$ cat work21.cif   # mmCIF, N, CA and C atoms
data_target
#
loop_
_atom_site.label_atom_id
_atom_site.label_comp_id
_atom_site.auth_asym_id
_atom_site.auth_seq_id
_atom_site.Cartn_x
_atom_site.Cartn_y
_atom_site.Cartn_z
N MET J 1 23.22 1.27 -7.59
CA MET J 1 21.93 0.87 -7.08
C MET J 1 21.93 -0.65 -6.99
N THR J 2 21.48 -1.16 -5.87
CA THR J 2 21.51 -2.61 -5.71
C THR J 2 20.13 -3.26 -5.78
N ALA J 3 19.06 -2.51 -5.49
CA ALA J 3 17.71 -3.08 -5.54
C ALA J 3 16.70 -1.99 -5.23
N ILE J 4 15.44 -2.27 -5.54
CA ILE J 4 14.38 -1.41 -5.04
C ILE J 4 14.27 -1.70 -3.55
N ASP J 5 14.37 -0.66 -2.75
CA ASP J 5 14.30 -0.82 -1.30
C ASP J 5 12.85 -0.78 -0.83
N HIS J 6 12.11 0.25 -1.25
CA HIS J 6 10.71 0.35 -0.85
C HIS J 6 9.96 1.34 -1.73
N LEU J 7 8.64 1.28 -1.63
CA LEU J 7 7.76 2.26 -2.23
C LEU J 7 7.13 3.04 -1.09
N GLY J 8 7.21 4.36 -1.16
CA GLY J 8 6.61 5.22 -0.15
C GLY J 8 5.23 5.66 -0.61
N ILE J 9 4.22 5.42 0.21
CA ILE J 9 2.85 5.73 -0.13
C ILE J 9 2.29 6.72 0.89
N ALA J 10 1.88 7.89 0.41
CA ALA J 10 1.31 8.91 1.29
C ALA J 10 -0.12 8.54 1.65
N VAL J 11 -0.43 8.60 2.94
CA VAL J 11 -1.78 8.32 3.44
C VAL J 11 -2.17 9.40 4.45
N HIS J 12 -3.47 9.60 4.59
CA HIS J 12 -3.93 10.56 5.58
C HIS J 12 -3.77 10.00 6.99
N LYS J 13 -4.13 8.72 7.18
CA LYS J 13 -4.06 8.09 8.50
C LYS J 13 -3.59 6.64 8.36
N LEU J 14 -2.57 6.31 9.12
CA LEU J 14 -2.07 4.93 9.10
C LEU J 14 -3.17 3.95 9.51
N ALA J 15 -3.94 4.33 10.51
CA ALA J 15 -5.00 3.44 11.01
C ALA J 15 -6.00 3.06 9.93
N ASP J 16 -6.24 3.97 8.99
CA ASP J 16 -7.18 3.68 7.90
C ASP J 16 -6.53 2.86 6.79
N ALA J 17 -5.24 3.04 6.57
CA ALA J 17 -4.55 2.37 5.47
C ALA J 17 -4.04 0.98 5.84
N LEU J 18 -3.65 0.79 7.09
CA LEU J 18 -3.05 -0.49 7.49
C LEU J 18 -3.93 -1.71 7.24
N PRO J 19 -5.24 -1.68 7.51
CA PRO J 19 -6.03 -2.90 7.30
C PRO J 19 -5.94 -3.45 5.87
N PHE J 20 -5.88 -2.58 4.88
CA PHE J 20 -5.77 -3.07 3.51
C PHE J 20 -4.43 -3.78 3.30
N TRP J 21 -3.34 -3.11 3.60
CA TRP J 21 -2.00 -3.65 3.33
C TRP J 21 -1.67 -4.84 4.22
N ARG J 22 -2.02 -4.77 5.49
CA ARG J 22 -1.67 -5.82 6.44
C ARG J 22 -2.66 -6.97 6.39
N ASP J 23 -3.95 -6.65 6.51
CA ASP J 23 -4.96 -7.69 6.67
C ASP J 23 -5.43 -8.28 5.34
N LEU J 24 -5.74 -7.43 4.37
CA LEU J 24 -6.24 -7.95 3.10
C LEU J 24 -5.14 -8.48 2.20
N LEU J 25 -4.01 -7.79 2.16
CA LEU J 25 -2.91 -8.26 1.32
C LEU J 25 -1.96 -9.21 2.05
N GLY J 26 -2.07 -9.26 3.37
CA GLY J 26 -1.26 -10.21 4.15
C GLY J 26 0.19 -9.82 4.34
N MET J 27 0.49 -8.52 4.24
CA MET J 27 1.87 -8.10 4.47
C MET J 27 2.14 -8.04 5.97
N GLU J 28 3.39 -8.25 6.32
CA GLU J 28 3.82 -8.21 7.72
C GLU J 28 4.15 -6.78 8.12
N LEU J 29 3.54 -6.32 9.21
CA LEU J 29 3.86 -5.01 9.77
C LEU J 29 5.15 -5.17 10.57
N VAL J 30 6.22 -4.56 10.09
CA VAL J 30 7.53 -4.68 10.71
C VAL J 30 7.68 -3.68 11.85
N ALA J 31 7.25 -2.45 11.61
CA ALA J 31 7.41 -1.41 12.62
C ALA J 31 6.59 -0.19 12.23
N ILE J 32 6.29 0.60 13.24
CA ILE J 32 5.76 1.95 13.04
C ILE J 32 6.69 2.87 13.80
N GLU J 33 7.19 3.87 13.12
CA GLU J 33 8.11 4.79 13.79
C GLU J 33 7.85 6.21 13.30
N GLU J 34 8.26 7.15 14.12
CA GLU J 34 8.15 8.55 13.75
C GLU J 34 9.53 9.06 13.38
N VAL J 35 9.59 9.76 12.26
CA VAL J 35 10.81 10.45 11.85
C VAL J 35 10.53 11.93 12.09
N ALA J 36 10.89 12.40 13.27
CA ALA J 36 10.54 13.75 13.71
C ALA J 36 11.07 14.82 12.76
N SER J 37 12.27 14.61 12.24
CA SER J 37 12.87 15.62 11.36
C SER J 37 12.07 15.80 10.06
N GLU J 38 11.33 14.78 9.66
CA GLU J 38 10.52 14.84 8.44
C GLU J 38 9.04 15.05 8.74
N LYS J 39 8.70 15.09 10.02
CA LYS J 39 7.30 15.28 10.45
C LYS J 39 6.40 14.21 9.83
N VAL J 40 6.79 12.95 10.02
CA VAL J 40 6.06 11.84 9.42
C VAL J 40 6.10 10.62 10.34
N ARG J 41 5.00 9.86 10.34
CA ARG J 41 4.96 8.53 10.95
C ARG J 41 4.99 7.54 9.80
N VAL J 42 5.79 6.50 9.97
CA VAL J 42 6.00 5.53 8.90
C VAL J 42 5.62 4.13 9.39
N ALA J 43 4.74 3.48 8.66
CA ALA J 43 4.44 2.07 8.90
C ALA J 43 5.18 1.29 7.84
N ILE J 44 6.04 0.38 8.28
CA ILE J 44 6.88 -0.39 7.37
C ILE J 44 6.31 -1.80 7.27
N LEU J 45 6.02 -2.19 6.04
CA LEU J 45 5.45 -3.51 5.78
C LEU J 45 6.31 -4.24 4.77
N ARG J 46 6.33 -5.57 4.88
CA ARG J 46 7.06 -6.37 3.91
C ARG J 46 6.28 -7.65 3.63
N PRO J 47 6.54 -8.26 2.49
CA PRO J 47 5.87 -9.54 2.21
C PRO J 47 6.25 -10.57 3.26
N LYS J 48 5.28 -11.33 3.75
CA LYS J 48 5.55 -12.31 4.81
C LYS J 48 6.51 -13.41 4.37
N ASP J 49 6.47 -13.75 3.10
CA ASP J 49 7.30 -14.86 2.62
C ASP J 49 8.61 -14.41 1.97
N ASP J 50 8.92 -13.11 2.07
CA ASP J 50 10.15 -12.61 1.44
C ASP J 50 10.72 -11.47 2.27
N ALA J 51 11.47 -11.82 3.31
CA ALA J 51 12.00 -10.82 4.24
C ALA J 51 12.96 -9.85 3.56
N ASN J 52 13.54 -10.23 2.43
CA ASN J 52 14.49 -9.37 1.74
C ASN J 52 13.86 -8.61 0.57
N GLY J 53 12.57 -8.81 0.35
CA GLY J 53 11.90 -8.16 -0.77
C GLY J 53 11.66 -6.68 -0.51
N ALA J 54 11.24 -5.99 -1.56
CA ALA J 54 10.94 -4.56 -1.44
C ALA J 54 9.80 -4.36 -0.44
N ARG J 55 9.94 -3.32 0.36
CA ARG J 55 8.96 -3.01 1.39
C ARG J 55 7.97 -1.96 0.88
N ILE J 56 6.90 -1.82 1.63
CA ILE J 56 5.96 -0.72 1.46
C ILE J 56 6.10 0.14 2.70
N GLU J 57 6.23 1.45 2.52
CA GLU J 57 6.24 2.37 3.65
C GLU J 57 5.03 3.28 3.51
N LEU J 58 4.11 3.18 4.45
CA LEU J 58 2.96 4.07 4.50
C LEU J 58 3.38 5.31 5.27
N LEU J 59 3.13 6.49 4.71
CA LEU J 59 3.64 7.75 5.26
C LEU J 59 2.48 8.63 5.69
N GLU J 60 2.40 8.89 7.00
CA GLU J 60 1.35 9.73 7.56
C GLU J 60 1.97 11.02 8.10
N PRO J 61 1.48 12.18 7.68
CA PRO J 61 2.05 13.43 8.19
C PRO J 61 1.74 13.61 9.67
N THR J 62 2.67 14.23 10.39
CA THR J 62 2.44 14.54 11.80
C THR J 62 2.27 16.03 12.02
N ALA J 63 2.38 16.81 10.96
CA ALA J 63 2.20 18.26 11.04
C ALA J 63 1.68 18.75 9.69
N PRO J 64 0.89 19.82 9.70
CA PRO J 64 0.33 20.31 8.44
C PRO J 64 1.36 20.89 7.47
N ASP J 65 2.56 21.21 7.96
CA ASP J 65 3.59 21.76 7.07
C ASP J 65 4.63 20.72 6.66
N SER J 66 4.36 19.45 6.90
CA SER J 66 5.31 18.40 6.53
C SER J 66 5.28 18.15 5.03
N PRO J 67 6.36 17.60 4.49
CA PRO J 67 6.37 17.27 3.06
C PRO J 67 5.22 16.33 2.65
N ILE J 68 4.88 15.39 3.52
CA ILE J 68 3.80 14.45 3.19
C ILE J 68 2.45 15.17 3.22
N ALA J 69 2.24 16.05 4.18
CA ALA J 69 0.99 16.81 4.22
C ALA J 69 0.84 17.66 2.97
N LYS J 70 1.93 18.28 2.54
CA LYS J 70 1.90 19.09 1.32
C LYS J 70 1.59 18.22 0.10
N HIS J 71 2.19 17.04 0.05
CA HIS J 71 1.92 16.10 -1.05
C HIS J 71 0.44 15.72 -1.07
N LEU J 72 -0.10 15.37 0.10
CA LEU J 72 -1.50 14.97 0.18
C LEU J 72 -2.43 16.11 -0.25
N GLU J 73 -2.09 17.32 0.16
CA GLU J 73 -2.91 18.48 -0.21
C GLU J 73 -2.90 18.71 -1.72
N LYS J 74 -1.75 18.53 -2.32
CA LYS J 74 -1.59 18.81 -3.76
C LYS J 74 -2.04 17.65 -4.64
N ARG J 75 -1.71 16.42 -4.24
CA ARG J 75 -1.92 15.26 -5.11
C ARG J 75 -2.85 14.19 -4.55
N GLY J 76 -3.15 14.28 -3.26
CA GLY J 76 -3.97 13.25 -2.63
C GLY J 76 -3.15 12.04 -2.26
N PRO J 77 -3.78 11.04 -1.67
CA PRO J 77 -3.05 9.84 -1.26
C PRO J 77 -2.56 9.05 -2.47
N GLY J 78 -1.49 8.30 -2.26
CA GLY J 78 -0.95 7.46 -3.31
C GLY J 78 0.57 7.44 -3.30
N LEU J 79 1.12 6.97 -4.39
CA LEU J 79 2.57 6.82 -4.48
C LEU J 79 3.27 8.15 -4.26
N HIS J 80 4.19 8.18 -3.33
CA HIS J 80 4.96 9.39 -3.02
C HIS J 80 6.36 9.29 -3.62
N HIS J 81 7.03 8.14 -3.43
CA HIS J 81 8.38 8.00 -3.95
C HIS J 81 8.75 6.53 -4.13
N VAL J 82 9.80 6.33 -4.93
CA VAL J 82 10.43 5.03 -5.09
C VAL J 82 11.81 5.14 -4.47
N ALA J 83 12.17 4.17 -3.65
CA ALA J 83 13.49 4.19 -3.00
C ALA J 83 14.36 3.06 -3.53
N MET J 84 15.57 3.45 -3.89
CA MET J 84 16.57 2.49 -4.35
C MET J 84 17.63 2.31 -3.28
N LYS J 85 18.02 1.08 -3.04
CA LYS J 85 19.07 0.78 -2.07
C LYS J 85 20.43 1.02 -2.72
N VAL J 86 21.31 1.68 -2.00
CA VAL J 86 22.67 1.92 -2.47
C VAL J 86 23.66 1.48 -1.40
N ASP J 87 24.85 1.11 -1.83
CA ASP J 87 25.89 0.69 -0.89
C ASP J 87 26.65 1.87 -0.30
N ASP J 88 26.85 2.92 -1.08
CA ASP J 88 27.64 4.08 -0.64
C ASP J 88 26.93 5.34 -1.11
N ILE J 89 26.08 5.87 -0.26
CA ILE J 89 25.24 7.00 -0.65
C ILE J 89 26.06 8.25 -0.95
N ALA J 90 27.11 8.49 -0.18
CA ALA J 90 27.94 9.68 -0.42
C ALA J 90 28.59 9.62 -1.80
N ALA J 91 29.12 8.46 -2.17
CA ALA J 91 29.74 8.30 -3.47
C ALA J 91 28.71 8.44 -4.59
N ARG J 92 27.53 7.87 -4.38
CA ARG J 92 26.47 7.96 -5.39
C ARG J 92 26.04 9.41 -5.57
N MET J 93 25.91 10.16 -4.45
CA MET J 93 25.54 11.57 -4.53
C MET J 93 26.61 12.38 -5.26
N ALA J 94 27.87 12.09 -4.99
CA ALA J 94 28.96 12.81 -5.66
C ALA J 94 28.95 12.53 -7.16
N GLY J 95 28.73 11.29 -7.54
CA GLY J 95 28.67 10.94 -8.96
C GLY J 95 27.51 11.60 -9.67
N LEU J 96 26.36 11.65 -9.01
CA LEU J 96 25.20 12.31 -9.60
C LEU J 96 25.44 13.81 -9.75
N ALA J 97 26.02 14.43 -8.73
CA ALA J 97 26.32 15.87 -8.78
C ALA J 97 27.31 16.16 -9.90
N ALA J 98 28.33 15.32 -10.05
CA ALA J 98 29.33 15.52 -11.09
C ALA J 98 28.70 15.41 -12.49
N ALA J 99 27.65 14.64 -12.60
CA ALA J 99 26.97 14.46 -13.88
C ALA J 99 25.87 15.51 -14.09
N GLY J 100 25.77 16.47 -13.17
CA GLY J 100 24.78 17.54 -13.31
C GLY J 100 23.41 17.21 -12.74
N ASN J 101 23.33 16.19 -11.91
CA ASN J 101 22.06 15.77 -11.30
C ASN J 101 22.20 15.70 -9.78
N PRO J 102 22.40 16.83 -9.12
CA PRO J 102 22.61 16.78 -7.67
C PRO J 102 21.35 16.36 -6.93
N ALA J 103 21.56 15.75 -5.78
CA ALA J 103 20.45 15.39 -4.89
C ALA J 103 19.85 16.65 -4.31
N MET J 104 18.65 16.52 -3.77
CA MET J 104 17.97 17.66 -3.16
C MET J 104 18.65 18.08 -1.86
N ASP J 105 19.38 17.18 -1.24
CA ASP J 105 20.09 17.45 0.01
C ASP J 105 21.58 17.63 -0.29
N SER J 106 22.24 18.45 0.50
CA SER J 106 23.69 18.62 0.33
C SER J 106 24.47 17.47 0.95
N ALA J 107 23.83 16.75 1.87
CA ALA J 107 24.46 15.59 2.52
C ALA J 107 23.36 14.60 2.88
N PRO J 108 23.69 13.32 2.98
CA PRO J 108 22.67 12.34 3.39
C PRO J 108 22.13 12.69 4.77
N ARG J 109 20.87 12.29 5.02
CA ARG J 109 20.26 12.51 6.33
C ARG J 109 19.67 11.20 6.82
N VAL J 110 19.37 11.15 8.10
CA VAL J 110 18.84 9.92 8.69
C VAL J 110 17.35 9.81 8.39
N GLY J 111 16.95 8.66 7.87
CA GLY J 111 15.55 8.37 7.59
C GLY J 111 15.06 7.23 8.47
N ALA J 112 13.94 6.64 8.09
CA ALA J 112 13.35 5.53 8.85
C ALA J 112 14.34 4.38 8.96
N GLY J 113 14.32 3.72 10.10
CA GLY J 113 15.18 2.57 10.33
C GLY J 113 16.65 2.90 10.45
N GLY J 114 16.97 4.18 10.60
CA GLY J 114 18.37 4.59 10.70
C GLY J 114 19.11 4.60 9.38
N CYS J 115 18.39 4.42 8.27
CA CYS J 115 19.03 4.46 6.95
C CYS J 115 19.46 5.89 6.64
N MET J 116 20.53 6.03 5.89
CA MET J 116 20.95 7.33 5.37
C MET J 116 20.24 7.51 4.03
N VAL J 117 19.60 8.67 3.86
CA VAL J 117 18.77 8.87 2.67
C VAL J 117 19.02 10.24 2.05
N THR J 118 18.66 10.35 0.80
CA THR J 118 18.57 11.62 0.08
C THR J 118 17.57 11.41 -1.04
N PHE J 119 17.16 12.50 -1.66
CA PHE J 119 16.15 12.43 -2.71
C PHE J 119 16.63 13.14 -3.96
N LEU J 120 16.15 12.67 -5.10
CA LEU J 120 16.35 13.34 -6.38
C LEU J 120 15.01 13.89 -6.82
N HIS J 121 15.01 15.12 -7.29
CA HIS J 121 13.78 15.80 -7.68
C HIS J 121 13.15 15.11 -8.89
N PRO J 122 11.81 15.06 -8.93
CA PRO J 122 11.14 14.44 -10.08
C PRO J 122 11.52 15.05 -11.43
N LYS J 123 11.92 16.31 -11.46
CA LYS J 123 12.34 16.92 -12.73
C LYS J 123 13.57 16.23 -13.30
N GLN J 124 14.36 15.60 -12.44
CA GLN J 124 15.58 14.90 -12.88
C GLN J 124 15.32 13.46 -13.27
N THR J 125 14.18 12.90 -12.86
CA THR J 125 13.98 11.46 -12.96
C THR J 125 12.76 11.06 -13.79
N GLY J 126 12.30 11.95 -14.63
CA GLY J 126 11.14 11.62 -15.45
C GLY J 126 9.83 11.63 -14.69
N GLY J 127 9.75 12.43 -13.64
CA GLY J 127 8.49 12.60 -12.91
C GLY J 127 8.34 11.79 -11.65
N VAL J 128 9.37 11.09 -11.22
CA VAL J 128 9.29 10.26 -10.02
C VAL J 128 10.23 10.82 -8.95
N LEU J 129 9.69 11.05 -7.74
CA LEU J 129 10.56 11.40 -6.62
C LEU J 129 11.35 10.14 -6.27
N LEU J 130 12.67 10.21 -6.38
CA LEU J 130 13.52 9.05 -6.18
C LEU J 130 14.34 9.22 -4.90
N GLU J 131 14.24 8.27 -4.03
CA GLU J 131 15.02 8.26 -2.79
C GLU J 131 16.19 7.29 -2.97
N LEU J 132 17.36 7.68 -2.50
CA LEU J 132 18.49 6.77 -2.38
C LEU J 132 18.59 6.43 -0.90
N SER J 133 18.74 5.16 -0.59
CA SER J 133 18.71 4.70 0.80
C SER J 133 19.86 3.73 1.06
N GLN J 134 20.68 4.07 2.05
CA GLN J 134 21.78 3.21 2.45
C GLN J 134 21.48 2.67 3.84
N PRO J 135 21.36 1.35 3.99
CA PRO J 135 21.10 0.79 5.31
C PRO J 135 22.21 1.14 6.30
N PRO J 136 21.88 1.23 7.58
CA PRO J 136 22.91 1.55 8.57
C PRO J 136 23.97 0.44 8.66
N ALA J 137 25.15 0.84 9.09
CA ALA J 137 26.23 -0.14 9.29
C ALA J 137 25.77 -1.22 10.24
N GLY J 138 26.14 -2.43 9.97
CA GLY J 138 25.77 -3.53 10.83
C GLY J 138 24.45 -4.18 10.45
N GLY J 139 23.88 -3.76 9.31
CA GLY J 139 22.68 -4.42 8.81
C GLY J 139 21.40 -4.03 9.52
N GLY J 140 21.34 -2.87 10.10
CA GLY J 140 20.10 -2.43 10.74
C GLY J 140 19.04 -2.11 9.71
N GLY J 141 18.24 -1.14 10.02
CA GLY J 141 17.14 -0.78 9.13
C GLY J 141 15.99 -1.74 9.34
N HIS J 142 15.16 -1.89 8.33
CA HIS J 142 14.00 -2.77 8.45
C HIS J 142 14.12 -3.84 7.41
#

$ encode --input "work21.cif" --output "structure tokens"
Amino acid sequence: MTAIDHLGIAVHKLADALPFWRDLLGMELVAIEEVASEKVRVAILRPKDDANGARIELLEPTAPDSPIAKHLEKRGPGLHHVAMKVDDIAARMAGLAAAGNPAMDSAPRVGAGGCMVTFLHPKQTGGVLLELSQPPAGGGGH
């Protein structure tokens, strides 16, 4: 793990959540994108004075059966997950599996910004949904 990459926050509507994070807290809105495979729209924000700092990702469901919609129904809006940046997600997943802590996915999948991601179940991490995130080759992502 190299750093905290972002905090994922479940919201009902991006339009309602963005004014607080962008306007009142002064964070820079980097992008809004849809991750169709996860049925979610993501607003990516970062501190204006720290382009390399941990980001905030606001997560809005695009379908009632999406993981974010289910989270909102069960727990309401708020912290959904903590994401850690990794250099080699496949190696990290293999090491975790060998230690008896496999990821929820059998292989990394594409997430926001083209990052390769996987998740560890909260039962493995003391109650926190943990995402591992590897930026795309060439320094893409957000």

$ residues_around --input "work21.cif" --residues "Glu131 in chain J" --least-positions-apart "2" --cutoff "6 Å" --atoms "all atoms listed in the file" --output "PyMOL selection string"
chain J and resi 81-84+118-120+129+133

$ residues_around --input "work21.cif" --residues "range 36-44 of chain J" --least-positions-apart "2" --cutoff "5 Å" --atoms "all atoms listed in the file" --output "list in words"
Leu29, Val30, Ala31, Ile32, Glu33, Glu34, Arg46, Ile56, Glu57, Leu58, Leu59, Glu60, Pro61, Thr62 and Ala63 of chain J

$ closest_residue --input "work21.cif" --among "J:Ala54, J:Ala15, J:Ala3, J:Leu130" --to "Leu79 in chain J" --atoms "only C-alpha atoms"
J:Leu130

$ resolve_selection --input "work21.cif" --expression "the PyMOL selection byres ((chain J and resi 2) around 8)" --output "PyMOL selection string"
chain J and resi 1+3-5+84-87

$ closest_residue --input "work21.cif" --among "J:Gly114, J:Pro136, J:His6, J:Arg75" --to "Asn52 in chain J" --atoms "only C-alpha atoms"
J:His6

$ resolve_selection --input "work21.cif" --expression "the PyMOL selection byres (((chain J and resi 117 and name CA) around 9) and name CA)" --output "number ranges by chain"
J: 89, 107-112, 115-116, 118-119, 131-135

$ write_last_selection --input "work21.cif" --atoms "N, CA and C atoms" --output "PDB file, in the frame of the given file"
ATOM      1  N   ILE J  89      26.080   5.870  -0.260  1.00  0.00           N
ATOM      2  CA  ILE J  89      25.240   7.000  -0.650  1.00  0.00           C
ATOM      3  C   ILE J  89      26.060   8.250  -0.950  1.00  0.00           C
ATOM      4  N   ALA J 107      23.830  16.750   1.870  1.00  0.00           N
ATOM      5  CA  ALA J 107      24.460  15.590   2.520  1.00  0.00           C
ATOM      6  C   ALA J 107      23.360  14.600   2.880  1.00  0.00           C
ATOM      7  N   PRO J 108      23.690  13.320   2.980  1.00  0.00           N
ATOM      8  CA  PRO J 108      22.670  12.340   3.390  1.00  0.00           C
ATOM      9  C   PRO J 108      22.130  12.690   4.770  1.00  0.00           C
ATOM     10  N   ARG J 109      20.870  12.290   5.020  1.00  0.00           N
ATOM     11  CA  ARG J 109      20.260  12.510   6.330  1.00  0.00           C
ATOM     12  C   ARG J 109      19.670  11.200   6.820  1.00  0.00           C
ATOM     13  N   VAL J 110      19.370  11.150   8.100  1.00  0.00           N
ATOM     14  CA  VAL J 110      18.840   9.920   8.690  1.00  0.00           C
ATOM     15  C   VAL J 110      17.350   9.810   8.390  1.00  0.00           C
ATOM     16  N   GLY J 111      16.950   8.660   7.870  1.00  0.00           N
ATOM     17  CA  GLY J 111      15.550   8.370   7.590  1.00  0.00           C
ATOM     18  C   GLY J 111      15.060   7.230   8.470  1.00  0.00           C
ATOM     19  N   ALA J 112      13.940   6.640   8.090  1.00  0.00           N
ATOM     20  CA  ALA J 112      13.350   5.530   8.850  1.00  0.00           C
ATOM     21  C   ALA J 112      14.340   4.380   8.960  1.00  0.00           C
ATOM     22  N   CYS J 115      18.390   4.420   8.270  1.00  0.00           N
ATOM     23  CA  CYS J 115      19.030   4.460   6.950  1.00  0.00           C
ATOM     24  C   CYS J 115      19.460   5.890   6.640  1.00  0.00           C
ATOM     25  N   MET J 116      20.530   6.030   5.890  1.00  0.00           N
ATOM     26  CA  MET J 116      20.950   7.330   5.370  1.00  0.00           C
ATOM     27  C   MET J 116      20.240   7.510   4.030  1.00  0.00           C
ATOM     28  N   THR J 118      18.660  10.350   0.800  1.00  0.00           N
ATOM     29  CA  THR J 118      18.570  11.620   0.080  1.00  0.00           C
ATOM     30  C   THR J 118      17.570  11.410  -1.040  1.00  0.00           C
ATOM     31  N   PHE J 119      17.160  12.500  -1.660  1.00  0.00           N
ATOM     32  CA  PHE J 119      16.150  12.430  -2.710  1.00  0.00           C
ATOM     33  C   PHE J 119      16.630  13.140  -3.960  1.00  0.00           C
ATOM     34  N   GLU J 131      14.240   8.270  -4.030  1.00  0.00           N
ATOM     35  CA  GLU J 131      15.020   8.260  -2.790  1.00  0.00           C
ATOM     36  C   GLU J 131      16.190   7.290  -2.970  1.00  0.00           C
ATOM     37  N   LEU J 132      17.360   7.680  -2.500  1.00  0.00           N
ATOM     38  CA  LEU J 132      18.490   6.770  -2.380  1.00  0.00           C
ATOM     39  C   LEU J 132      18.590   6.430  -0.900  1.00  0.00           C
ATOM     40  N   SER J 133      18.740   5.160  -0.590  1.00  0.00           N
ATOM     41  CA  SER J 133      18.710   4.700   0.800  1.00  0.00           C
ATOM     42  C   SER J 133      19.860   3.730   1.060  1.00  0.00           C
ATOM     43  N   GLN J 134      20.680   4.070   2.050  1.00  0.00           N
ATOM     44  CA  GLN J 134      21.780   3.210   2.450  1.00  0.00           C
ATOM     45  C   GLN J 134      21.480   2.670   3.840  1.00  0.00           C
ATOM     46  N   PRO J 135      21.360   1.350   3.990  1.00  0.00           N
ATOM     47  CA  PRO J 135      21.100   0.790   5.310  1.00  0.00           C
ATOM     48  C   PRO J 135      22.210   1.140   6.300  1.00  0.00           C
TER      49      PRO J 135
END

$ select_by_dssp --input "work21.cif" --residues "range 5-135 of chain J" --states "strand (DSSP E)" --output "count of residues only"
50

$ axis_aligned_box --input "work21.cif" --around "range 92-98 of chain J" --padding-each-side "5 Å" --output "AutoDock Vina command-line options"
--center_x 27.3 --center_y 12.0 --center_z -8.4 --size_x 14.1 --size_y 18.3 --size_z 18.1

$ residues_near_point --input "work21.cif" --point "(19.4, 17.3, -5.8)" --cutoff "6.5 Å" --atoms "all atoms listed in the file" --output "PDB file with N, CA and C atoms, keeping the file's coordinate frame"
ATOM      1  N   ASN J 101      23.330  16.190 -11.910  1.00  0.00           N
ATOM      2  CA  ASN J 101      22.060  15.770 -11.300  1.00  0.00           C
ATOM      3  C   ASN J 101      22.200  15.700  -9.780  1.00  0.00           C
ATOM      4  N   PRO J 102      22.400  16.830  -9.120  1.00  0.00           N
ATOM      5  CA  PRO J 102      22.610  16.780  -7.670  1.00  0.00           C
ATOM      6  C   PRO J 102      21.350  16.360  -6.930  1.00  0.00           C
ATOM      7  N   ALA J 103      21.560  15.750  -5.780  1.00  0.00           N
ATOM      8  CA  ALA J 103      20.450  15.390  -4.890  1.00  0.00           C
ATOM      9  C   ALA J 103      19.850  16.650  -4.310  1.00  0.00           C
ATOM     10  N   MET J 104      18.650  16.520  -3.770  1.00  0.00           N
ATOM     11  CA  MET J 104      17.970  17.660  -3.160  1.00  0.00           C
ATOM     12  C   MET J 104      18.650  18.080  -1.860  1.00  0.00           C
ATOM     13  N   ASP J 105      19.380  17.180  -1.240  1.00  0.00           N
ATOM     14  CA  ASP J 105      20.090  17.450   0.010  1.00  0.00           C
ATOM     15  C   ASP J 105      21.580  17.630  -0.290  1.00  0.00           C
ATOM     16  N   PHE J 119      17.160  12.500  -1.660  1.00  0.00           N
ATOM     17  CA  PHE J 119      16.150  12.430  -2.710  1.00  0.00           C
ATOM     18  C   PHE J 119      16.630  13.140  -3.960  1.00  0.00           C
ATOM     19  N   LEU J 120      16.150  12.670  -5.100  1.00  0.00           N
ATOM     20  CA  LEU J 120      16.350  13.340  -6.380  1.00  0.00           C
ATOM     21  C   LEU J 120      15.010  13.890  -6.820  1.00  0.00           C
ATOM     22  N   HIS J 121      15.010  15.120  -7.290  1.00  0.00           N
ATOM     23  CA  HIS J 121      13.780  15.800  -7.680  1.00  0.00           C
ATOM     24  C   HIS J 121      13.150  15.110  -8.890  1.00  0.00           C
TER      25      HIS J 121
END

$ residues_around --input "work21.cif" --residues "Gly26 in chain J" --least-positions-apart "2" --cutoff "12 Å" --atoms "only C-alpha atoms" --output "list in words"
Leu18, Pro19, Phe20, Trp21, Arg22, Asp23, Leu24, Glu28, Leu29, Leu45, Arg46, Pro47, Lys48, Asp49 and Asp50 of chain J

$ residues_near_point --input "work21.cif" --point "(5.1, 10.7, -3.1)" --cutoff "8 Å" --atoms "all atoms listed in the file" --output "MDAnalysis selection string"
chainID J and resid 8:10 68 71:72 77:82 128:129
